[in-house]
file query-v7.cif (mmCIF, N, CA and C atoms)
data_start
loop_
_atom_site.label_atom_id
_atom_site.label_comp_id
_atom_site.auth_asym_id
_atom_site.auth_seq_id
_atom_site.Cartn_x
_atom_site.Cartn_y
_atom_site.Cartn_z
N MET D 1 67.86 107.90 126.65
CA MET D 1 69.28 107.90 126.35
C MET D 1 69.60 109.09 125.46
N ILE D 2 70.62 109.82 125.82
CA ILE D 2 71.03 110.99 125.07
C ILE D 2 72.19 110.61 124.17
N THR D 3 72.07 110.93 122.88
CA THR D 3 73.19 110.71 121.96
C THR D 3 73.66 112.06 121.46
N LEU D 4 74.95 112.20 121.39
CA LEU D 4 75.53 113.45 120.92
C LEU D 4 76.15 113.24 119.55
N GLU D 5 75.93 114.19 118.69
CA GLU D 5 76.57 114.15 117.38
C GLU D 5 77.95 114.79 117.55
N ILE D 6 78.93 114.17 116.95
CA ILE D 6 80.27 114.72 116.99
C ILE D 6 80.45 115.59 115.76
N SER D 7 80.89 116.79 115.97
CA SER D 7 81.10 117.72 114.87
C SER D 7 82.24 117.23 113.99
N SER D 8 82.09 117.46 112.69
CA SER D 8 83.16 117.07 111.77
C SER D 8 84.39 117.94 111.96
N LEU D 9 84.27 119.02 112.70
CA LEU D 9 85.41 119.90 112.96
C LEU D 9 86.20 119.51 114.21
N ILE D 10 85.75 118.49 114.91
CA ILE D 10 86.39 118.15 116.18
C ILE D 10 87.87 117.84 116.02
N PHE D 11 88.24 117.12 114.96
CA PHE D 11 89.64 116.75 114.83
C PHE D 11 90.50 117.93 114.41
N THR D 12 89.91 118.88 113.72
CA THR D 12 90.65 120.12 113.43
C THR D 12 91.02 120.78 114.75
N GLN D 13 90.07 120.82 115.66
CA GLN D 13 90.31 121.45 116.96
C GLN D 13 91.27 120.63 117.81
N VAL D 14 91.11 119.31 117.80
CA VAL D 14 91.99 118.45 118.59
C VAL D 14 93.43 118.54 118.07
N ILE D 15 93.60 118.50 116.76
CA ILE D 15 94.94 118.60 116.18
C ILE D 15 95.58 119.94 116.52
N GLN D 16 94.81 121.01 116.41
CA GLN D 16 95.33 122.33 116.77
C GLN D 16 95.70 122.37 118.26
N ALA D 17 94.89 121.76 119.10
CA ALA D 17 95.17 121.76 120.55
C ALA D 17 96.44 120.99 120.87
N VAL D 18 96.63 119.80 120.28
CA VAL D 18 97.84 119.02 120.61
C VAL D 18 99.10 119.64 120.02
N LYS D 19 98.96 120.37 118.93
CA LYS D 19 100.13 121.07 118.38
C LYS D 19 100.52 122.25 119.28
N THR D 20 99.51 122.89 119.86
CA THR D 20 99.77 124.04 120.73
C THR D 20 100.18 123.60 122.13
N TYR D 21 99.50 122.60 122.65
CA TYR D 21 99.74 122.12 124.01
C TYR D 21 100.16 120.66 123.97
N LYS D 22 101.45 120.42 123.90
CA LYS D 22 101.99 119.05 123.77
C LYS D 22 101.57 118.17 124.94
N SER D 23 101.28 118.75 126.08
CA SER D 23 100.89 117.95 127.24
C SER D 23 99.55 117.25 127.04
N LEU D 24 98.79 117.63 126.04
CA LEU D 24 97.50 116.99 125.77
C LEU D 24 97.64 115.69 124.97
N VAL D 25 98.80 115.43 124.42
CA VAL D 25 98.99 114.26 123.56
C VAL D 25 98.63 112.97 124.30
N GLY D 26 99.07 112.82 125.52
CA GLY D 26 98.77 111.61 126.29
C GLY D 26 97.29 111.42 126.51
N PHE D 27 96.61 112.50 126.87
CA PHE D 27 95.16 112.43 127.09
C PHE D 27 94.43 112.07 125.80
N VAL D 28 94.79 112.72 124.71
CA VAL D 28 94.12 112.46 123.43
C VAL D 28 94.35 111.02 123.01
N SER D 29 95.58 110.53 123.16
CA SER D 29 95.87 109.17 122.69
C SER D 29 95.22 108.10 123.56
N THR D 30 95.25 108.27 124.87
CA THR D 30 94.72 107.21 125.73
C THR D 30 93.23 107.32 125.99
N THR D 31 92.70 108.52 125.97
CA THR D 31 91.29 108.69 126.31
C THR D 31 90.43 108.97 125.08
N VAL D 32 90.75 110.00 124.35
CA VAL D 32 89.89 110.41 123.24
C VAL D 32 89.88 109.36 122.12
N LEU D 33 91.06 108.98 121.63
CA LEU D 33 91.11 108.01 120.53
C LEU D 33 90.52 106.66 120.96
N SER D 34 90.86 106.22 122.16
CA SER D 34 90.33 104.93 122.64
C SER D 34 88.81 104.95 122.74
N ARG D 35 88.27 106.02 123.25
CA ARG D 35 86.82 106.11 123.40
C ARG D 35 86.13 106.16 122.03
N LEU D 36 86.74 106.85 121.09
CA LEU D 36 86.15 106.92 119.75
C LEU D 36 86.21 105.56 119.04
N ILE D 37 87.21 104.77 119.36
CA ILE D 37 87.28 103.42 118.80
C ILE D 37 86.12 102.58 119.32
N THR D 38 85.81 102.71 120.59
CA THR D 38 84.67 101.96 121.14
C THR D 38 83.35 102.41 120.53
N LYS D 39 83.31 103.64 120.03
CA LYS D 39 82.09 104.17 119.39
C LYS D 39 82.07 103.88 117.89
N LYS D 40 83.06 103.11 117.40
CA LYS D 40 83.14 102.73 115.98
C LYS D 40 83.19 103.94 115.07
N ILE D 41 84.18 104.76 115.29
CA ILE D 41 84.33 106.01 114.54
C ILE D 41 84.47 105.79 113.04
N TRP D 42 84.95 104.62 112.63
CA TRP D 42 85.15 104.34 111.21
C TRP D 42 83.84 104.29 110.43
N THR D 43 82.71 104.25 111.12
CA THR D 43 81.42 104.23 110.43
C THR D 43 81.01 105.62 109.93
N ASN D 44 81.73 106.66 110.33
CA ASN D 44 81.48 108.03 109.89
C ASN D 44 82.71 108.50 109.11
N PRO D 45 82.68 108.42 107.78
CA PRO D 45 83.88 108.69 106.98
C PRO D 45 84.60 110.02 107.26
N PRO D 46 83.91 111.16 107.40
CA PRO D 46 84.65 112.39 107.68
C PRO D 46 85.38 112.34 109.03
N LEU D 47 84.73 111.76 110.03
CA LEU D 47 85.37 111.65 111.35
C LEU D 47 86.52 110.64 111.31
N TRP D 48 86.36 109.57 110.56
CA TRP D 48 87.40 108.55 110.43
C TRP D 48 88.65 109.16 109.80
N GLU D 49 88.47 110.00 108.78
CA GLU D 49 89.62 110.68 108.15
C GLU D 49 90.34 111.56 109.18
N GLY D 50 89.56 112.32 109.94
CA GLY D 50 90.14 113.17 110.98
C GLY D 50 90.85 112.35 112.05
N PHE D 51 90.26 111.24 112.43
CA PHE D 51 90.86 110.34 113.41
C PHE D 51 92.23 109.86 112.93
N MET D 52 92.28 109.45 111.65
CA MET D 52 93.54 108.94 111.10
C MET D 52 94.61 110.04 111.05
N ARG D 53 94.21 111.24 110.68
CA ARG D 53 95.17 112.36 110.66
C ARG D 53 95.68 112.67 112.06
N CYS D 54 94.76 112.68 113.01
CA CYS D 54 95.13 112.95 114.40
C CYS D 54 96.09 111.88 114.92
N ALA D 55 95.79 110.62 114.63
CA ALA D 55 96.66 109.52 115.07
C ALA D 55 98.07 109.68 114.50
N LYS D 56 98.15 110.11 113.26
CA LYS D 56 99.46 110.31 112.62
C LYS D 56 100.22 111.45 113.30
N ILE D 57 99.53 112.53 113.60
CA ILE D 57 100.18 113.70 114.19
C ILE D 57 100.70 113.41 115.59
N ILE D 58 99.96 112.63 116.37
CA ILE D 58 100.39 112.38 117.75
C ILE D 58 101.18 111.07 117.90
N ALA D 59 101.47 110.41 116.78
CA ALA D 59 102.29 109.19 116.84
C ALA D 59 103.64 109.54 117.44
N PRO D 60 104.23 108.68 118.20
CA PRO D 60 103.92 107.29 118.53
C PRO D 60 102.98 107.12 119.73
N ALA D 61 102.54 108.23 120.31
CA ALA D 61 101.64 108.12 121.47
C ALA D 61 100.33 107.43 121.12
N SER D 62 99.92 107.49 119.88
CA SER D 62 98.64 106.91 119.46
C SER D 62 98.71 105.40 119.21
N PHE D 63 99.90 104.83 119.18
CA PHE D 63 100.02 103.42 118.78
C PHE D 63 99.25 102.46 119.67
N GLY D 64 99.26 102.68 120.97
CA GLY D 64 98.52 101.80 121.88
C GLY D 64 97.03 101.80 121.57
N ALA D 65 96.49 102.99 121.31
CA ALA D 65 95.07 103.09 120.98
C ALA D 65 94.79 102.45 119.62
N LEU D 66 95.67 102.66 118.66
CA LEU D 66 95.44 102.13 117.32
C LEU D 66 95.38 100.61 117.31
N LEU D 67 96.10 99.97 118.21
CA LEU D 67 96.08 98.51 118.26
C LEU D 67 94.75 97.97 118.80
N GLN D 68 93.88 98.87 119.29
CA GLN D 68 92.55 98.46 119.73
C GLN D 68 91.57 98.38 118.55
N LEU D 69 91.98 98.93 117.40
CA LEU D 69 91.11 98.90 116.22
C LEU D 69 90.93 97.47 115.73
N PRO D 70 89.76 97.18 115.15
CA PRO D 70 89.60 95.88 114.49
C PRO D 70 90.61 95.77 113.34
N ARG D 71 90.96 94.57 113.02
CA ARG D 71 91.98 94.29 112.00
C ARG D 71 91.73 95.03 110.68
N GLU D 72 90.50 94.99 110.19
CA GLU D 72 90.17 95.63 108.91
C GLU D 72 90.40 97.14 108.96
N GLN D 73 90.01 97.78 110.05
CA GLN D 73 90.19 99.23 110.18
C GLN D 73 91.67 99.58 110.36
N LEU D 74 92.41 98.74 111.08
CA LEU D 74 93.85 98.98 111.23
C LEU D 74 94.55 98.89 109.88
N ARG D 75 94.14 97.92 109.08
CA ARG D 75 94.72 97.79 107.73
C ARG D 75 94.40 99.03 106.89
N GLU D 76 93.16 99.50 106.96
CA GLU D 76 92.77 100.70 106.21
C GLU D 76 93.59 101.91 106.66
N LEU D 77 93.75 102.04 107.98
CA LEU D 77 94.52 103.16 108.51
C LEU D 77 95.96 103.12 107.99
N VAL D 78 96.58 101.96 108.02
CA VAL D 78 97.97 101.83 107.57
C VAL D 78 98.07 102.07 106.06
N ASP D 79 97.05 101.66 105.31
CA ASP D 79 97.05 101.91 103.87
C ASP D 79 96.93 103.40 103.56
N LYS D 80 96.12 104.11 104.35
CA LYS D 80 95.91 105.55 104.10
C LYS D 80 96.99 106.41 104.75
N GLN D 81 97.64 105.90 105.78
CA GLN D 81 98.71 106.64 106.46
C GLN D 81 99.96 105.74 106.51
N PRO D 82 100.60 105.50 105.36
CA PRO D 82 101.71 104.54 105.32
C PRO D 82 102.91 104.93 106.20
N SER D 83 103.01 106.20 106.55
CA SER D 83 104.13 106.61 107.41
C SER D 83 104.02 106.02 108.81
N LEU D 84 102.85 105.50 109.18
CA LEU D 84 102.67 104.88 110.49
C LEU D 84 103.14 103.43 110.54
N LYS D 85 103.34 102.81 109.36
CA LYS D 85 103.66 101.38 109.29
C LYS D 85 104.88 101.00 110.11
N ALA D 86 106.00 101.64 109.84
CA ALA D 86 107.26 101.26 110.51
C ALA D 86 107.16 101.46 112.02
N GLY D 87 106.58 102.57 112.44
CA GLY D 87 106.45 102.84 113.87
C GLY D 87 105.54 101.83 114.56
N LEU D 88 104.43 101.50 113.93
CA LEU D 88 103.53 100.50 114.50
C LEU D 88 104.19 99.13 114.56
N ARG D 89 104.94 98.77 113.52
CA ARG D 89 105.64 97.49 113.50
C ARG D 89 106.64 97.43 114.67
N ASP D 90 107.40 98.50 114.86
CA ASP D 90 108.36 98.54 115.97
C ASP D 90 107.65 98.47 117.32
N TYR D 91 106.54 99.20 117.44
CA TYR D 91 105.79 99.20 118.68
C TYR D 91 105.29 97.79 119.01
N VAL D 92 104.75 97.12 118.01
CA VAL D 92 104.20 95.77 118.22
C VAL D 92 105.31 94.81 118.62
N THR D 93 106.46 94.88 117.97
CA THR D 93 107.52 93.92 118.26
C THR D 93 108.26 94.21 119.56
N LYS D 94 108.30 95.48 119.99
CA LYS D 94 109.11 95.82 121.16
C LYS D 94 108.33 96.22 122.40
N LYS D 95 107.18 96.90 122.24
CA LYS D 95 106.53 97.51 123.40
C LYS D 95 105.08 97.13 123.62
N ALA D 96 104.45 96.47 122.69
CA ALA D 96 103.02 96.20 122.81
C ALA D 96 102.73 95.37 124.06
N PRO D 97 101.71 95.77 124.84
CA PRO D 97 101.40 95.02 126.06
C PRO D 97 100.85 93.62 125.79
N ASN D 98 100.15 93.43 124.68
CA ASN D 98 99.58 92.12 124.34
C ASN D 98 100.37 91.55 123.17
N LYS D 99 101.44 90.83 123.47
CA LYS D 99 102.34 90.31 122.43
C LYS D 99 101.65 89.35 121.48
N ALA D 100 100.72 88.54 121.99
CA ALA D 100 100.04 87.57 121.13
C ALA D 100 99.20 88.27 120.07
N ARG D 101 98.41 89.26 120.48
CA ARG D 101 97.61 90.01 119.51
C ARG D 101 98.51 90.78 118.56
N GLY D 102 99.56 91.37 119.08
CA GLY D 102 100.50 92.12 118.25
C GLY D 102 101.15 91.27 117.18
N ALA D 103 101.54 90.06 117.55
CA ALA D 103 102.18 89.16 116.59
C ALA D 103 101.22 88.83 115.46
N GLY D 104 99.94 88.73 115.75
CA GLY D 104 98.95 88.44 114.72
C GLY D 104 98.70 89.61 113.78
N LEU D 105 99.17 90.80 114.17
CA LEU D 105 98.96 91.98 113.34
C LEU D 105 100.16 92.32 112.46
N LEU D 106 101.27 91.66 112.67
CA LEU D 106 102.49 92.01 111.94
C LEU D 106 102.33 91.93 110.43
N ASP D 107 101.49 91.03 109.94
CA ASP D 107 101.31 90.93 108.48
C ASP D 107 100.70 92.20 107.90
N ILE D 108 99.96 92.96 108.69
CA ILE D 108 99.37 94.22 108.22
C ILE D 108 100.47 95.24 107.94
N PHE D 109 101.52 95.22 108.76
CA PHE D 109 102.57 96.23 108.65
C PHE D 109 103.62 95.87 107.63
N GLY D 110 103.60 94.66 107.13
CA GLY D 110 104.56 94.26 106.10
C GLY D 110 105.94 94.04 106.67
N GLU D 111 106.87 93.84 105.77
CA GLU D 111 108.26 93.61 106.15
C GLU D 111 108.95 94.94 106.40
N PRO D 112 109.99 94.94 107.23
CA PRO D 112 110.76 96.16 107.41
C PRO D 112 111.33 96.62 106.07
N ASP D 113 111.43 97.94 105.92
CA ASP D 113 111.90 98.50 104.66
C ASP D 113 113.39 98.27 104.45
N ASP D 114 114.15 98.17 105.55
CA ASP D 114 115.59 97.96 105.37
C ASP D 114 115.88 96.48 105.16
N ASN D 115 117.02 96.17 104.61
CA ASN D 115 117.40 94.79 104.34
C ASN D 115 118.38 94.26 105.36
N SER D 116 118.52 94.93 106.50
CA SER D 116 119.52 94.53 107.49
C SER D 116 119.24 93.16 108.08
N GLY D 117 117.98 92.75 108.10
CA GLY D 117 117.64 91.46 108.70
C GLY D 117 117.73 90.31 107.71
N LYS D 118 117.96 90.60 106.45
CA LYS D 118 117.99 89.54 105.45
C LYS D 118 119.38 88.96 105.33
N SER D 119 119.44 87.68 105.01
CA SER D 119 120.72 86.99 104.93
C SER D 119 121.39 87.19 103.59
N GLY D 120 120.64 87.65 102.60
CA GLY D 120 121.22 87.83 101.29
C GLY D 120 121.05 86.60 100.42
N ALA D 121 120.33 85.60 100.90
CA ALA D 121 120.15 84.37 100.14
C ALA D 121 119.36 84.62 98.86
N ASP D 122 118.50 85.64 98.87
CA ASP D 122 117.70 85.93 97.68
C ASP D 122 118.48 86.76 96.65
N THR D 123 119.57 87.34 97.07
CA THR D 123 120.35 88.19 96.17
C THR D 123 121.26 87.31 95.33
N PRO D 124 121.20 87.45 93.99
CA PRO D 124 122.08 86.63 93.16
C PRO D 124 123.54 86.99 93.39
N GLN D 125 124.35 85.97 93.53
CA GLN D 125 125.78 86.16 93.75
C GLN D 125 126.51 86.10 92.42
N PRO D 126 127.54 86.92 92.24
CA PRO D 126 128.28 86.89 90.99
C PRO D 126 129.02 85.55 90.84
N THR D 127 128.97 85.03 89.63
CA THR D 127 129.70 83.81 89.31
C THR D 127 130.57 84.09 88.10
N SER D 128 131.48 83.18 87.83
CA SER D 128 132.36 83.39 86.68
C SER D 128 131.55 83.43 85.38
N GLU D 129 130.44 82.67 85.31
CA GLU D 129 129.61 82.68 84.11
C GLU D 129 128.93 84.04 83.95
N ASN D 130 128.41 84.58 85.07
CA ASN D 130 127.75 85.89 85.02
C ASN D 130 128.74 86.96 84.59
N LEU D 131 129.92 86.92 85.16
CA LEU D 131 130.95 87.91 84.82
C LEU D 131 131.36 87.81 83.37
N ALA D 132 131.50 86.58 82.87
CA ALA D 132 131.88 86.38 81.47
C ALA D 132 130.81 86.93 80.55
N ALA D 133 129.53 86.73 80.90
CA ALA D 133 128.43 87.23 80.08
C ALA D 133 128.41 88.74 80.08
N VAL D 134 128.71 89.36 81.21
CA VAL D 134 128.71 90.83 81.31
C VAL D 134 129.89 91.40 80.52
N MET D 135 131.03 90.73 80.58
CA MET D 135 132.24 91.24 79.95
C MET D 135 132.16 91.15 78.42
N SER D 136 131.38 90.20 77.88
CA SER D 136 131.38 90.04 76.42
C SER D 136 130.45 90.96 75.73
#
call {"tool": "encode", "arguments": {"input": "query-v7.cif", "output": "structure tokens"}}
result
Amino acid sequence: MITLEISSLIFTQVIQAVKTYKSLVGFVSTTVLSRLITKKIWTNPPLWEGFMRCAKIIAPASFGALLQLPREQLRELVDKQPSLKAGLRDYVTKKAPNKARGAGLLDIFGEPDDNSGKSGADTPQPTSENLAAVMS
């Protein structure tokens, strides 16, 4: 069996390639990232960092592949790349092919940042007592 070592520079090259040739984004997201997930890329810290940067740069195309990550690695990725949280949350709720698995991951992405979905029940409402205290 032949094993190949992946160079720590691979993601520098992949990121440069997808920035130059946008048509490669689909291939990188569906083939390269998915295959590296099956190889447990998170076990090699320098490659894992490059993987996370690459996923961020090609987002939202990378979201389908990222949902293949084990829960712990997905949480780490979202913690290290917080800008992916909102997009992944939207992808899971609207477009994810496996709705059941996606619903189980929503706690990783947290609550939406906007308050548009909240009823306002948690917000204290002004009362005559509150106003009187403020006025005095």
call {"tool": "atom_distance", "arguments": {"input": "query-v7.cif", "atom1": "atom CA of Phe63 of chain D", "atom2": "atom CA of Glu5 of chain D"}}
result
25.8 Å
call {"tool": "closest_residue", "arguments": {"input": "query-v7.cif", "among": "D:Lys95, D:Arg53, D:Arg71, D:Lys80", "to": "Ile15 of chain D", "atoms": "all atoms listed in the file"}}
result
D:Arg53
call {"tool": "closest_residue", "arguments": {"input": "query-v7.cif", "among": "D:Ala59, D:Leu9, D:Leu105, D:Ala65", "to": "Leu84 of chain D", "atoms": "all atoms listed in the file"}}
result
D:Ala59
call {"tool": "atom_distance", "arguments": {"input": "query-v7.cif", "atom1": "atom N of Phe11 of chain D", "atom2": "atom CA of Gly50 of chain D"}}
result
5.9 Å
call {"tool": "select_by_dssp", "arguments": {"input": "query-v7.cif", "residues": "segment 4-105 of chain D", "states": "helix (DSSP H, G or I)", "output": "count of residues only"}}
result
78
call {"tool": "residues_near_point", "arguments": {"input": "query-v7.cif", "point": "(109.0, 107.5, 118.1)", "cutoff": "10 Å", "atoms": "only C-alpha atoms", "output": "list in words"}}
result
Ile58, Ala59, Pro60, Ala61, Phe63, Ala86, Gly87, Leu88, Asp90 and Tyr91 of chain D
call {"tool": "closest_residue", "arguments": {"input": "query-v7.cif", "among": "D:Ile108, D:Val18, D:Pro70, D:Thr31", "to": "Ile57 of chain D", "atoms": "only N, CA and C atoms"}}
result
D:Val18
call {"tool": "closest_residue", "arguments": {"input": "query-v7.cif", "among": "D:Leu69, D:Leu33, D:Val14, D:Met52", "to": "Ser83 of chain D", "atoms": "only C-alpha atoms"}}
result
D:Met52
